[in-house]
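The data block below is query13.tsv; it holds TSV, C-alpha atoms and all ligand atoms.
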chain	number	residue	atom	x	y	z
A	1	MET	CA	8.28	28.63	6.66
A	2	ALA	CA	9.10	24.91	6.50
A	3	GLY	CA	6.18	22.52	6.04
A	4	ILE	CA	4.81	20.20	8.70
A	5	ILE	CA	6.30	16.73	8.47
A	6	ILE	CA	3.62	14.05	8.41
A	7	ASP	CA	4.78	11.39	10.85
A	8	GLY	CA	3.66	8.17	9.18
A	9	LYS	CA	5.27	6.10	11.90
A	10	ALA	CA	3.23	7.74	14.66
A	11	ILE	CA	-0.02	7.58	12.67
A	12	ALA	CA	0.64	3.92	11.85
A	13	GLU	CA	1.26	3.19	15.54
A	14	LYS	CA	-2.11	4.67	16.43
A	15	ILE	CA	-3.93	2.52	13.88
A	16	ARG	CA	-1.97	-0.58	14.93
A	17	ALA	CA	-2.99	-0.06	18.55
A	18	GLN	CA	-6.63	0.00	17.43
A	19	ILE	CA	-6.12	-3.17	15.34
A	20	LYS	CA	-4.47	-4.92	18.28
A	21	LYS	CA	-7.41	-4.06	20.49
A	22	GLU	CA	-9.85	-5.43	17.93
A	23	VAL	CA	-7.78	-8.61	17.54
A	24	GLU	CA	-8.01	-9.17	21.30
A	25	GLU	CA	-11.78	-8.72	21.18
A	26	LEU	CA	-12.07	-11.12	18.25
A	27	LYS	CA	-9.99	-13.70	20.09
A	28	GLU	CA	-12.61	-13.75	22.80
A	29	LYS	CA	-15.05	-14.88	20.10
A	30	GLY	CA	-12.60	-17.58	18.96
A	31	ILE	CA	-11.52	-15.67	15.83
A	32	ILE	CA	-7.83	-15.10	15.04
A	33	PRO	CA	-7.00	-13.13	11.89
A	34	GLY	CA	-4.63	-15.22	9.76
A	35	LEU	CA	-2.14	-13.98	7.17
A	36	VAL	CA	0.17	-15.95	4.91
A	37	THR	CA	3.02	-14.18	3.13
A	38	ILE	CA	4.58	-15.99	0.19
A	39	LEU	CA	8.10	-15.06	-0.86
A	40	VAL	CA	9.75	-16.43	-3.99
A	41	GLY	CA	13.53	-16.15	-4.12
A	42	GLU	CA	15.80	-13.96	-2.01
A	43	ASN	CA	15.56	-10.45	-3.43
A	44	PRO	CA	16.89	-8.38	-0.47
A	45	ALA	CA	14.17	-5.72	-0.69
A	46	SER	CA	11.43	-8.38	-0.84
A	47	VAL	CA	12.98	-10.27	2.08
A	48	SER	CA	12.99	-7.11	4.19
A	49	TYR	CA	9.37	-6.24	3.26
A	50	VAL	CA	8.12	-9.74	4.07
A	51	THR	CA	10.07	-9.83	7.33
A	52	ALA	CA	8.53	-6.52	8.38
A	53	LYS	CA	5.02	-7.75	7.47
A	54	GLN	CA	5.48	-10.96	9.46
A	55	LYS	CA	6.89	-9.08	12.44
A	56	THR	CA	3.93	-6.70	12.49
A	57	ALA	CA	1.41	-9.53	12.10
A	58	HIS	CA	3.02	-11.29	15.04
A	59	GLU	CA	3.05	-8.15	17.20
A	60	LEU	CA	-0.64	-7.57	16.56
A	61	GLY	CA	-1.55	-11.10	17.64
A	62	PHE	CA	-2.37	-12.52	14.20
A	63	TYR	CA	-1.90	-16.12	13.19
A	64	SER	CA	0.82	-15.76	10.58
A	65	VAL	CA	2.60	-18.10	8.23
A	66	GLN	CA	5.66	-17.38	6.13
A	67	GLU	CA	6.22	-19.46	2.97
A	68	ASN	CA	9.66	-19.23	1.36
A	69	LEU	CA	9.88	-20.73	-2.10
A	70	PRO	CA	13.07	-21.08	-4.14
A	71	GLU	CA	13.73	-18.70	-7.03
A	72	ASN	CA	13.24	-21.54	-9.54
A	73	VAL	CA	9.84	-22.68	-8.21
A	74	SER	CA	7.39	-23.36	-11.04
A	75	GLU	CA	4.33	-21.19	-11.61
A	76	ASP	CA	2.10	-24.25	-11.09
A	77	GLU	CA	3.68	-25.08	-7.74
A	78	LEU	CA	3.18	-21.51	-6.56
A	79	ILE	CA	-0.46	-21.54	-7.67
A	80	LYS	CA	-1.00	-24.90	-5.97
A	81	LEU	CA	0.22	-23.34	-2.72
A	82	ILE	CA	-2.18	-20.41	-3.16
A	83	PHE	CA	-5.07	-22.83	-3.73
A	84	LYS	CA	-4.12	-24.59	-0.49
A	85	TYR	CA	-4.43	-21.32	1.44
A	86	ASN	CA	-7.62	-20.37	-0.41
A	87	GLU	CA	-9.12	-23.42	1.30
A	88	ASP	CA	-7.48	-22.94	4.71
A	89	PRO	CA	-10.04	-21.57	7.21
A	90	LYS	CA	-7.28	-20.26	9.51
A	91	ILE	CA	-6.06	-17.91	6.75
A	92	HIS	CA	-7.97	-14.72	5.88
A	93	GLY	CA	-5.28	-12.94	3.89
A	94	ILE	CA	-2.89	-14.19	1.22
A	95	LEU	CA	-0.02	-11.97	0.18
A	96	VAL	CA	2.37	-12.87	-2.63
A	97	GLN	CA	5.39	-10.58	-2.42
A	98	LEU	CA	6.11	-8.87	-5.74
A	99	PRO	CA	8.02	-8.77	-7.98
A	100	LEU	CA	8.08	-12.44	-8.98
A	101	PRO	CA	10.89	-14.03	-11.00
A	102	ARG	CA	10.56	-13.52	-14.76
A	103	HIS	CA	9.54	-17.11	-15.54
A	104	ILE	CA	6.35	-16.68	-13.48
A	105	ASN	CA	3.28	-14.97	-14.90
A	106	GLU	CA	2.42	-12.46	-12.16
A	107	ARG	CA	-1.11	-11.96	-13.41
A	108	ARG	CA	-1.93	-15.69	-13.35
A	109	VAL	CA	-0.62	-15.91	-9.80
A	110	LEU	CA	-2.54	-12.90	-8.48
A	111	TYR	CA	-5.74	-14.08	-10.18
A	112	ALA	CA	-5.40	-17.43	-8.38
A	113	ILE	CA	-5.93	-15.76	-4.99
A	114	ASP	CA	-9.49	-15.99	-3.69
A	115	PRO	CA	-10.72	-12.36	-4.01
A	116	ARG	CA	-12.12	-12.71	-0.47
A	117	LYS	CA	-8.54	-13.23	0.80
A	118	ASP	CA	-6.89	-10.72	-1.52
A	119	VAL	CA	-5.62	-8.38	1.22
A	120	ASP	CA	-3.33	-6.57	-1.24
A	121	GLY	CA	-6.38	-5.61	-3.31
A	122	PHE	CA	-4.78	-6.54	-6.65
A	123	HIS	CA	-7.37	-9.08	-7.88
A	124	PRO	CA	-9.57	-7.71	-10.71
A	125	VAL	CA	-12.68	-8.38	-8.63
A	126	ASN	CA	-11.42	-5.96	-5.98
A	127	VAL	CA	-10.11	-3.50	-8.57
A	128	GLY	CA	-13.54	-3.50	-10.21
A	129	LYS	CA	-15.30	-2.94	-6.90
A	130	LEU	CA	-12.92	-0.08	-6.11
A	131	VAL	CA	-13.78	1.61	-9.40
A	132	ILE	CA	-17.54	1.35	-8.85
A	133	GLY	CA	-17.21	2.39	-5.21
A	134	GLU	CA	-18.24	-0.87	-3.51
A	135	PRO	CA	-16.69	-2.19	-0.28
A	136	CYS	CA	-13.52	-4.10	-1.18
A	137	PHE	CA	-9.90	-4.60	-0.26
A	138	ILE	CA	-8.24	-1.26	-0.99
A	139	PRO	CA	-4.58	-1.59	-2.08
A	140	CYS	CA	-2.51	-0.92	1.04
A	141	THR	CA	-0.37	2.03	-0.08
A	142	PRO	CA	-3.19	4.27	-1.38
A	143	TYR	CA	-5.31	3.16	1.58
A	144	GLY	CA	-2.59	4.35	3.97
A	145	ILE	CA	-2.34	7.65	2.13
A	146	LEU	CA	-6.07	8.27	2.71
A	147	TYR	CA	-5.33	8.06	6.44
A	148	LEU	CA	-2.29	10.36	6.16
A	149	LEU	CA	-4.38	12.95	4.33
A	150	ALA	CA	-7.15	12.68	6.91
A	151	GLU	CA	-4.61	13.31	9.70
A	152	THR	CA	-3.49	16.61	8.14
A	153	GLY	CA	-7.05	17.90	8.37
A	154	VAL	CA	-6.56	19.53	4.96
A	155	GLN	CA	-9.75	19.72	2.92
A	156	VAL	CA	-9.61	17.13	0.15
A	157	ASP	CA	-13.18	17.74	-1.01
A	158	GLY	CA	-12.88	19.93	-4.10
A	159	ALA	CA	-9.08	20.09	-3.94
A	160	ASP	CA	-6.87	19.84	-7.02
A	161	VAL	CA	-4.96	16.58	-6.62
A	162	VAL	CA	-2.14	15.57	-8.94
A	163	VAL	CA	-0.97	11.95	-8.84
A	164	VAL	CA	2.34	11.35	-10.60
A	165	GLY	CA	2.58	7.67	-11.63
A	166	ARG	CA	-0.11	5.34	-12.96
A	167	SER	CA	0.90	1.93	-11.62
A	168	ASN	CA	-1.83	-0.55	-10.76
A	169	ILE	CA	-0.68	-0.73	-7.16
A	170	VAL	CA	-0.30	2.97	-6.33
A	171	GLY	CA	-1.11	5.65	-8.91
A	172	LYS	CA	-4.33	4.31	-10.45
A	173	PRO	CA	-6.09	3.20	-7.24
A	174	MET	CA	-4.97	6.42	-5.53
A	175	ALA	CA	-6.53	8.56	-8.25
A	176	ILE	CA	-9.75	6.51	-8.23
A	177	LEU	CA	-10.10	6.72	-4.45
A	178	LEU	CA	-9.61	10.47	-4.31
A	179	MET	CA	-12.08	11.20	-7.07
A	180	GLN	CA	-14.79	9.02	-5.48
A	181	LYS	CA	-17.61	10.86	-3.75
A	182	ARG	CA	-16.36	9.64	-0.37
A	183	LYS	CA	-16.03	11.83	2.70
A	184	PRO	CA	-13.98	13.14	4.37
A	185	VAL	CA	-11.11	12.12	2.06
A	186	GLY	CA	-12.37	12.13	-1.53
A	187	ASN	CA	-14.40	14.19	-3.96
A	188	ALA	CA	-11.25	15.83	-5.32
A	189	THR	CA	-10.46	16.88	-8.88
A	190	VAL	CA	-7.74	14.46	-9.88
A	191	THR	CA	-5.09	14.65	-12.60
A	192	ILE	CA	-2.86	11.66	-13.31
A	193	CYS	CA	0.60	12.24	-14.78
A	194	HIS	CA	3.03	9.73	-16.29
A	195	THR	CA	5.91	9.55	-18.76
A	196	GLY	CA	3.58	10.66	-21.56
A	197	THR	CA	2.71	13.90	-19.73
A	198	ARG	CA	3.97	16.84	-21.79
A	199	ASN	CA	4.81	19.39	-19.13
A	200	LEU	CA	4.89	17.69	-15.76
A	201	ALA	CA	5.78	20.80	-13.76
A	202	GLU	CA	2.82	22.70	-15.22
A	203	HIS	CA	0.52	20.09	-13.66
A	204	THR	CA	2.34	19.57	-10.35
A	205	ARG	CA	2.49	23.33	-9.69
A	206	ARG	CA	-1.32	23.44	-9.74
A	207	ALA	CA	-1.71	20.75	-7.09
A	208	ASP	CA	-3.15	21.44	-3.66
A	209	ILE	CA	-2.24	17.82	-2.95
A	210	LEU	CA	0.64	16.22	-4.83
A	211	ILE	CA	1.15	12.46	-4.63
A	212	VAL	CA	4.30	11.11	-6.23
A	213	ALA	CA	4.90	7.43	-7.04
A	214	VAL	CA	7.39	7.22	-9.88
A	215	GLY	CA	10.44	5.38	-8.53
A	216	VAL	CA	12.86	8.11	-9.62
A	217	PRO	CA	15.00	9.67	-6.85
A	218	LYS	CA	14.21	13.36	-6.25
A	219	ALA	CA	12.13	13.64	-9.45
A	220	ILE	CA	10.06	16.42	-7.87
A	221	THR	CA	11.96	19.59	-6.99
A	222	ALA	CA	10.81	22.73	-5.17
A	223	ASP	CA	10.12	24.66	-8.39
A	224	MET	CA	7.49	22.01	-9.29
A	225	VAL	CA	5.48	22.48	-6.09
A	226	LYS	CA	2.87	25.07	-5.15
A	227	GLU	CA	3.46	27.04	-1.95
A	228	GLY	CA	1.61	25.33	0.93
A	229	ALA	CA	0.79	22.12	-0.97
A	230	VAL	CA	0.44	18.73	0.72
A	231	VAL	CA	3.19	16.53	-0.71
A	232	ILE	CA	2.98	12.75	-0.32
A	233	ASP	CA	6.15	10.94	-1.37
A	234	VAL	CA	5.56	7.26	-2.09
A	235	GLY	CA	8.96	6.58	-3.63
A	236	VAL	CA	11.45	4.25	-2.02
A	237	ASN	CA	14.76	4.41	-3.86
A	238	ARG	CA	17.88	2.63	-2.65
A	239	ILE	CA	20.74	5.02	-3.25
A	240	GLY	CA	23.57	3.31	-1.42
A	241	THR	CA	24.47	1.84	1.94
A	242	THR	CA	24.77	3.53	5.34
A	243	PRO	CA	27.99	3.08	7.38
A	244	ASP	CA	26.19	0.40	9.46
A	245	GLY	CA	25.36	-1.61	6.32
A	246	LYS	CA	21.68	-0.66	5.95
A	247	ALA	CA	20.14	0.47	2.66
A	248	LYS	CA	20.26	4.24	2.21
A	249	LEU	CA	16.83	5.37	1.02
A	250	CYS	CA	15.45	8.45	-0.65
A	251	GLY	CA	12.05	9.33	-2.01
A	252	ASP	CA	10.79	10.59	-5.35
A	253	VAL	CA	10.66	14.11	-3.91
A	254	ASP	CA	13.68	16.29	-3.15
A	255	PHE	CA	12.72	16.47	0.51
A	256	ASP	CA	15.20	19.14	1.67
A	257	SER	CA	14.12	21.76	-0.85
A	258	VAL	CA	10.42	20.83	-1.13
A	259	LYS	CA	9.86	20.87	2.65
A	260	GLU	CA	10.62	24.60	2.64
A	261	LYS	CA	7.72	25.22	0.29
A	262	ALA	CA	5.15	22.54	1.15
A	263	GLY	CA	2.45	22.95	3.79
A	264	TYR	CA	2.76	19.26	4.72
A	265	ILE	CA	5.21	16.63	3.53
A	266	THR	CA	5.93	12.95	4.17
A	267	PRO	CA	9.53	11.91	4.82
A	268	VAL	CA	11.24	8.82	3.37
A	269	PRO	CA	11.60	6.67	5.34
A	270	GLY	CA	8.91	7.16	8.00
A	271	GLY	CA	6.05	8.50	5.85
A	272	VAL	CA	4.04	6.25	3.56
A	273	GLY	CA	6.03	3.04	4.24
A	274	PRO	CA	4.80	2.30	7.79
A	275	MET	CA	1.23	2.95	6.64
A	276	THR	CA	1.41	0.36	3.85
A	277	ILE	CA	2.18	-2.48	6.25
A	278	THR	CA	-0.42	-1.23	8.71
A	279	MET	CA	-3.16	-1.23	6.09
A	280	LEU	CA	-2.24	-4.79	5.15
A	281	MET	CA	-2.99	-5.71	8.75
A	282	LYS	CA	-6.21	-3.70	8.67
A	283	ASN	CA	-7.32	-5.53	5.50
A	284	THR	CA	-6.51	-8.90	7.10
A	285	LEU	CA	-8.47	-7.97	10.22
A	286	GLU	CA	-11.46	-6.84	8.15
A	287	SER	CA	-11.23	-10.04	6.11
A	288	ALA	CA	-11.33	-12.17	9.27
A	289	LYS	CA	-14.45	-10.28	10.38
A	290	ALA	CA	-16.11	-10.79	6.98
A	291	TRP	CA	-15.34	-14.54	7.00
A	292	ALA	CA	-16.87	-14.76	10.48
A	293	GLY	CA	-20.04	-13.04	9.27
A	294	LEU	CA	-19.37	-9.91	11.35
A	295	PRO	CA	-19.79	-6.36	10.03
A	296	SER	CA	-16.70	-5.57	7.98
A	297	GLU	CA	-15.39	-2.74	5.81
A	298	VAL	CA	-14.51	-5.15	2.99
A	299	ALA	CA	-17.87	-6.86	2.51
B	301	LIG	P1	6.00	1.66	-11.22
B	301	LIG	O1	5.11	0.49	-11.39
B	301	LIG	O2	7.39	1.61	-11.75
B	301	LIG	O3	5.27	2.92	-11.85
B	301	LIG	C1	5.91	4.15	-11.94
B	301	LIG	C2	4.99	5.13	-12.61
B	301	LIG	O4	5.64	6.38	-12.64
B	301	LIG	C3	4.65	4.78	-14.07
B	301	LIG	O5	3.29	5.03	-14.28
B	301	LIG	C4	5.54	5.70	-14.87
B	301	LIG	O6	4.93	6.14	-16.08
B	301	LIG	C5	5.64	6.91	-13.96
B	301	LIG	N1	6.89	7.64	-14.16
B	301	LIG	C6	8.15	7.17	-14.11
B	301	LIG	N2	9.04	8.17	-14.32
B	301	LIG	C7	8.31	9.29	-14.51
B	301	LIG	C8	8.64	10.63	-14.78
B	301	LIG	N3	9.91	11.03	-14.89
B	301	LIG	N4	7.63	11.51	-14.93
B	301	LIG	C9	6.35	11.14	-14.82
B	301	LIG	N5	5.96	9.86	-14.57
B	301	LIG	C10	6.94	8.96	-14.41
B	301	LIG	O7	6.16	2.08	-9.70
B	301	LIG	P2	5.21	1.88	-8.41
B	301	LIG	O8	5.10	0.46	-8.09
B	301	LIG	O9	3.99	2.70	-8.53
B	301	LIG	O10	6.15	2.54	-7.31
B	301	LIG	C11	6.59	3.85	-7.38
B	301	LIG	C12	7.56	4.13	-6.24
B	301	LIG	O11	6.87	3.94	-5.02
B	301	LIG	C13	8.76	3.19	-6.18
B	301	LIG	O12	9.86	3.89	-5.67
B	301	LIG	C14	8.34	2.14	-5.19
B	301	LIG	O13	9.43	1.52	-4.54
B	301	LIG	C15	7.55	2.97	-4.23
B	301	LIG	N6	6.52	2.24	-3.46
B	301	LIG	C16	6.52	2.46	-2.13
B	301	LIG	C17	5.57	1.86	-1.35
B	301	LIG	C18	5.56	2.14	0.11
B	301	LIG	O14	4.91	1.45	0.85
B	301	LIG	N7	6.24	3.17	0.57
B	301	LIG	C19	4.63	1.01	-1.93
B	301	LIG	C20	4.64	0.82	-3.31
B	301	LIG	C21	5.60	1.46	-4.07
B	301	LIG	P3	4.56	5.15	-17.30
B	301	LIG	O15	3.33	4.43	-16.88
B	301	LIG	O16	4.35	6.07	-18.43
B	301	LIG	O17	5.75	4.24	-17.45
Is it possible to give me this structure as structure tokens?
Amino acid sequence: MAGIIIDGKAIAEKIRAQIKKEVEELKEKGIIPGLVTILVGENPASVSYVTAKQKTAHELGFYSVQENLPENVSEDELIKLIFKYNEDPKIHGILVQLPLPRHINERRVLYAIDPRKDVDGFHPVNVGKLVIGEPCFIPCTPYGILYLLAETGVQVDGADVVVVGRSNIVGKPMAILLMQKRKPVGNATVTICHTGTRNLAEHTRRADILIVAVGVPKAITADMVKEGAVVIDVGVNRIGTTPDGKAKLCGDVDFDSVKEKAGYITPVPGGVGPMTITMLMKNTLESAKAWAGLPSEVA
């Protein structure tokens, strides 16, 4: 029997409605969550991500600013702009769209963001807090996946989770979150796989929950998946153009074959993607609450 498709769009809509409601309540107290997105250059994928983030921020009633810098902007100029927003009381979240051009040191730029406005959760202060289990900004993609897993109702506590990919923005934080003693989505036994893993399929076939973030189209095929497993496909691979000129996307999982074997599966698009943007908004909202001295999940 085919697996249940996890509708990330619908789940994201539900969370966004809750955020919007909270934004309206905050406005009555004179607080407006503020987000700045900083884009360097004109990489088409980055432009579309930033546009989507701005559109969502606007729809939810945030104060939002879009900064477009030329491809050849200097590292110092970019950092100067970040410092400006670090000091701006109307801004509670600063997002620098990655990747940055090669002449810019990404690490120096991300470290320049005030950790209290680091809504992407990439600053080492937030990474450190995540590891020791303190309130912090959780990176948006793994944060969204926690919600997707919760929606399935599948027991994560004690489950065998395999995360394929060890990037700082997806794989590592995902693995850390799921092994934390946090309920209801946590306390799992987590294995992390990468290009050094000897027999990938041997690991993935053991997974009750399989999370794939490798950036390789259809890297996971049905023979690598356990019957009834929850399969979360983070991959976004551009594999051509649709007749109406849009990017044709596919995930890291061979959806058509794996959906016949999985218990639950996320589609691409419409699975993890909508959650990532939503959790960015959630982090910005929580940041605004923390800056106002209200109870917040990030402080
Ligand atoms: P990344 O930084 O390129 O990391 C990829 C990871 O996968 C690395 O750890 C790499 O191992 C591992 N890997 C690559 N090929 C592998 C293979 N054949 N077998 C096992 N491991 C392999 O990528 P990322 O930033 O985590 O992103 C992964 C994918 O998710 C991309 O398609 C990206 O576009 C997508 N993504 C989507 C969202 C969303 O919101 N939907 C958000 C973020 C990323 P090594 O460390 O050994 O090199």
Using only C-alpha atoms: which of A:Glu67, A:Asp76, A:Asp208, A:Asp114 has the shortest distance to His92 in chain A: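 Among the listed residues, the smallest separation from His92 in chain A belongs to A:Asp114.
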Selected residue of minimal separation from ligand LIG 301 (chain B) among A:Lys282, A:Arg116, A:Lys289, A:Lys53, counting only C-alpha atoms and all ligand atoms: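 Ranked by minimum distance to ligand LIG 301 (chain B), first place goes to A:Lys53.
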Surroundings of ligand LIG 301 (chain B) up to 6 Å, based on only C-alpha atoms and all ligand atoms, as number ranges by chain: A: 141, 164-167, 169-171, 193-196, 213-215, 234-237, 272-273, 276
Point-to-point distance in Å for CA of Pro142 in chain A and CA of Leu130 in chain A: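 Atom-to-atom, CA of Leu130 in chain A to CA of Pro142 in chain A, that is 11.7 Å.
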Residue nearest Leu210 in chain A among A:Arg198, A:Lys226, A:Lys259, A:Lys117 (counting all atoms listed in the file):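 Smallest separation from Leu210 in chain A among the options: A:Lys226.
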Could the centre and edge lengths of an axis-aligned box, enclosing all atoms of range 279-298 of chain A in the file with 6 Å extra on each side, be given in Å to one decimal as lines of an AutoDock Vina configuration file?
center_x = -11.1
center_y = -8.0
center_z = 7.2
size_x = 29.8
size_y = 25.5
size_z = 20.4
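Here the question is which of A:Val125, A:Leu280, A:Leu60, A:Val253 gets nearest to Gly93 in chain A using only C-alpha atoms, and that residue is A:Leu280.
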Top pick for closest residue to Asp160 in chain A, considering A:Val185, A:Ile104, A:Arg206, A:Gln18 and counting only C-alpha atoms: A:Arg206
Gap from CA of Pro44 in chain A to CA of Pro101 in chain A - Å, one decimal: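 Distance reported for this atom pair: 13.4 Å.
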Distance of CA of Pro295 in chain A from CA of Asp157 in chain A, expressed in Å to one decimal place: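 Between CA of Asp157 in chain A and CA of Pro295 in chain A the gap works out to 27.3 Å.
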Keeping N, CA and C atoms (and nothing else), can you write range 97-121 of chain A of this structure as an mmCIF file, in the first residue's frame?
data_model
loop_
_atom_site.group_PDB
_atom_site.id
_atom_site.type_symbol
_atom_site.label_atom_id
_atom_site.label_comp_id
_atom_site.auth_asym_id
_atom_site.auth_seq_id
_atom_site.Cartn_x
_atom_site.Cartn_y
_atom_site.Cartn_z
ATOM 1 N N GLN A 97 21.137 35.626 2.816
ATOM 2 C CA GLN A 97 20.866 34.482 1.938
ATOM 3 C C GLN A 97 22.185 33.846 1.476
ATOM 4 N N LEU A 98 22.292 32.557 1.665
ATOM 5 C CA LEU A 98 23.480 31.810 1.240
ATOM 6 C C LEU A 98 23.169 31.079 -0.072
ATOM 7 N N PRO A 99 24.124 30.741 -0.888
ATOM 8 C CA PRO A 99 25.551 30.978 -0.689
ATOM 9 C C PRO A 99 25.945 32.417 -1.045
ATOM 10 N N LEU A 100 27.095 32.830 -0.510
ATOM 11 C CA LEU A 100 27.636 34.154 -0.830
ATOM 12 C C LEU A 100 28.687 33.995 -1.933
ATOM 13 N N PRO A 101 28.962 35.070 -2.672
ATOM 14 C CA PRO A 101 30.017 34.977 -3.693
ATOM 15 C C PRO A 101 31.346 34.533 -3.072
ATOM 16 N N ARG A 102 32.210 33.963 -3.885
ATOM 17 C CA ARG A 102 33.442 33.337 -3.381
ATOM 18 C C ARG A 102 34.392 34.301 -2.681
ATOM 19 N N HIS A 103 34.356 35.588 -3.055
ATOM 20 C CA HIS A 103 35.309 36.523 -2.440
ATOM 21 C C HIS A 103 34.896 36.910 -1.011
ATOM 22 N N ILE A 104 33.727 36.453 -0.586
ATOM 23 C CA ILE A 104 33.256 36.817 0.765
ATOM 24 C C ILE A 104 33.380 35.611 1.698
ATOM 25 N N ASN A 105 33.955 35.855 2.866
ATOM 26 C CA ASN A 105 34.116 34.806 3.870
ATOM 27 C C ASN A 105 32.783 34.639 4.625
ATOM 28 N N GLU A 106 32.098 33.542 4.273
ATOM 29 C CA GLU A 106 30.748 33.297 4.798
ATOM 30 C C GLU A 106 30.750 33.283 6.329
ATOM 31 N N ARG A 107 31.771 32.650 6.879
ATOM 32 C CA ARG A 107 31.824 32.499 8.335
ATOM 33 C C ARG A 107 31.911 33.866 9.021
ATOM 34 N N ARG A 108 32.780 34.745 8.467
ATOM 35 C CA ARG A 108 32.938 36.077 9.066
ATOM 36 C C ARG A 108 31.604 36.838 9.030
ATOM 37 N N VAL A 109 30.882 36.665 7.940
ATOM 38 C CA VAL A 109 29.612 37.369 7.777
ATOM 39 C C VAL A 109 28.579 36.839 8.782
ATOM 40 N N LEU A 110 28.455 35.524 8.863
ATOM 41 C CA LEU A 110 27.450 34.954 9.775
ATOM 42 C C LEU A 110 27.783 35.275 11.238
ATOM 43 N N TYR A 111 29.065 35.315 11.564
ATOM 44 C CA TYR A 111 29.475 35.611 12.939
ATOM 45 C C TYR A 111 29.224 37.075 13.301
ATOM 46 N N ALA A 112 29.043 37.915 12.273
ATOM 47 C CA ALA A 112 28.807 39.348 12.537
ATOM 48 C C ALA A 112 27.372 39.594 13.000
ATOM 49 N N ILE A 113 26.476 38.646 12.738
ATOM 50 C CA ILE A 113 25.068 38.823 13.124
ATOM 51 C C ILE A 113 24.941 38.688 14.644
ATOM 52 N N ASP A 114 24.229 39.622 15.254
ATOM 53 C CA ASP A 114 23.952 39.513 16.689
ATOM 54 C C ASP A 114 23.229 38.175 16.933
ATOM 55 N N PRO A 115 23.783 37.298 17.780
ATOM 56 C CA PRO A 115 23.140 35.988 17.990
ATOM 57 C C PRO A 115 21.674 36.110 18.414
ATOM 58 N N ARG A 116 21.303 37.257 18.988
ATOM 59 C CA ARG A 116 19.910 37.455 19.413
ATOM 60 C C ARG A 116 19.000 37.825 18.236
ATOM 61 N N LYS A 117 19.605 38.004 17.040
ATOM 62 C CA LYS A 117 18.810 38.275 15.829
ATOM 63 C C LYS A 117 19.088 37.218 14.754
ATOM 64 N N ASP A 118 19.760 36.161 15.161
ATOM 65 C CA ASP A 118 20.218 35.132 14.215
ATOM 66 C C ASP A 118 19.099 34.125 13.941
ATOM 67 N N VAL A 119 18.078 34.573 13.204
ATOM 68 C CA VAL A 119 16.872 33.741 13.023
ATOM 69 C C VAL A 119 17.112 32.503 12.152
ATOM 70 N N ASP A 120 18.258 32.431 11.488
ATOM 71 C CA ASP A 120 18.615 31.211 10.754
ATOM 72 C C ASP A 120 19.249 30.173 11.687
ATOM 73 N N GLY A 121 19.710 30.632 12.847
ATOM 74 C CA GLY A 121 20.315 29.709 13.817
ATOM 75 C C GLY A 121 21.685 29.191 13.414
#
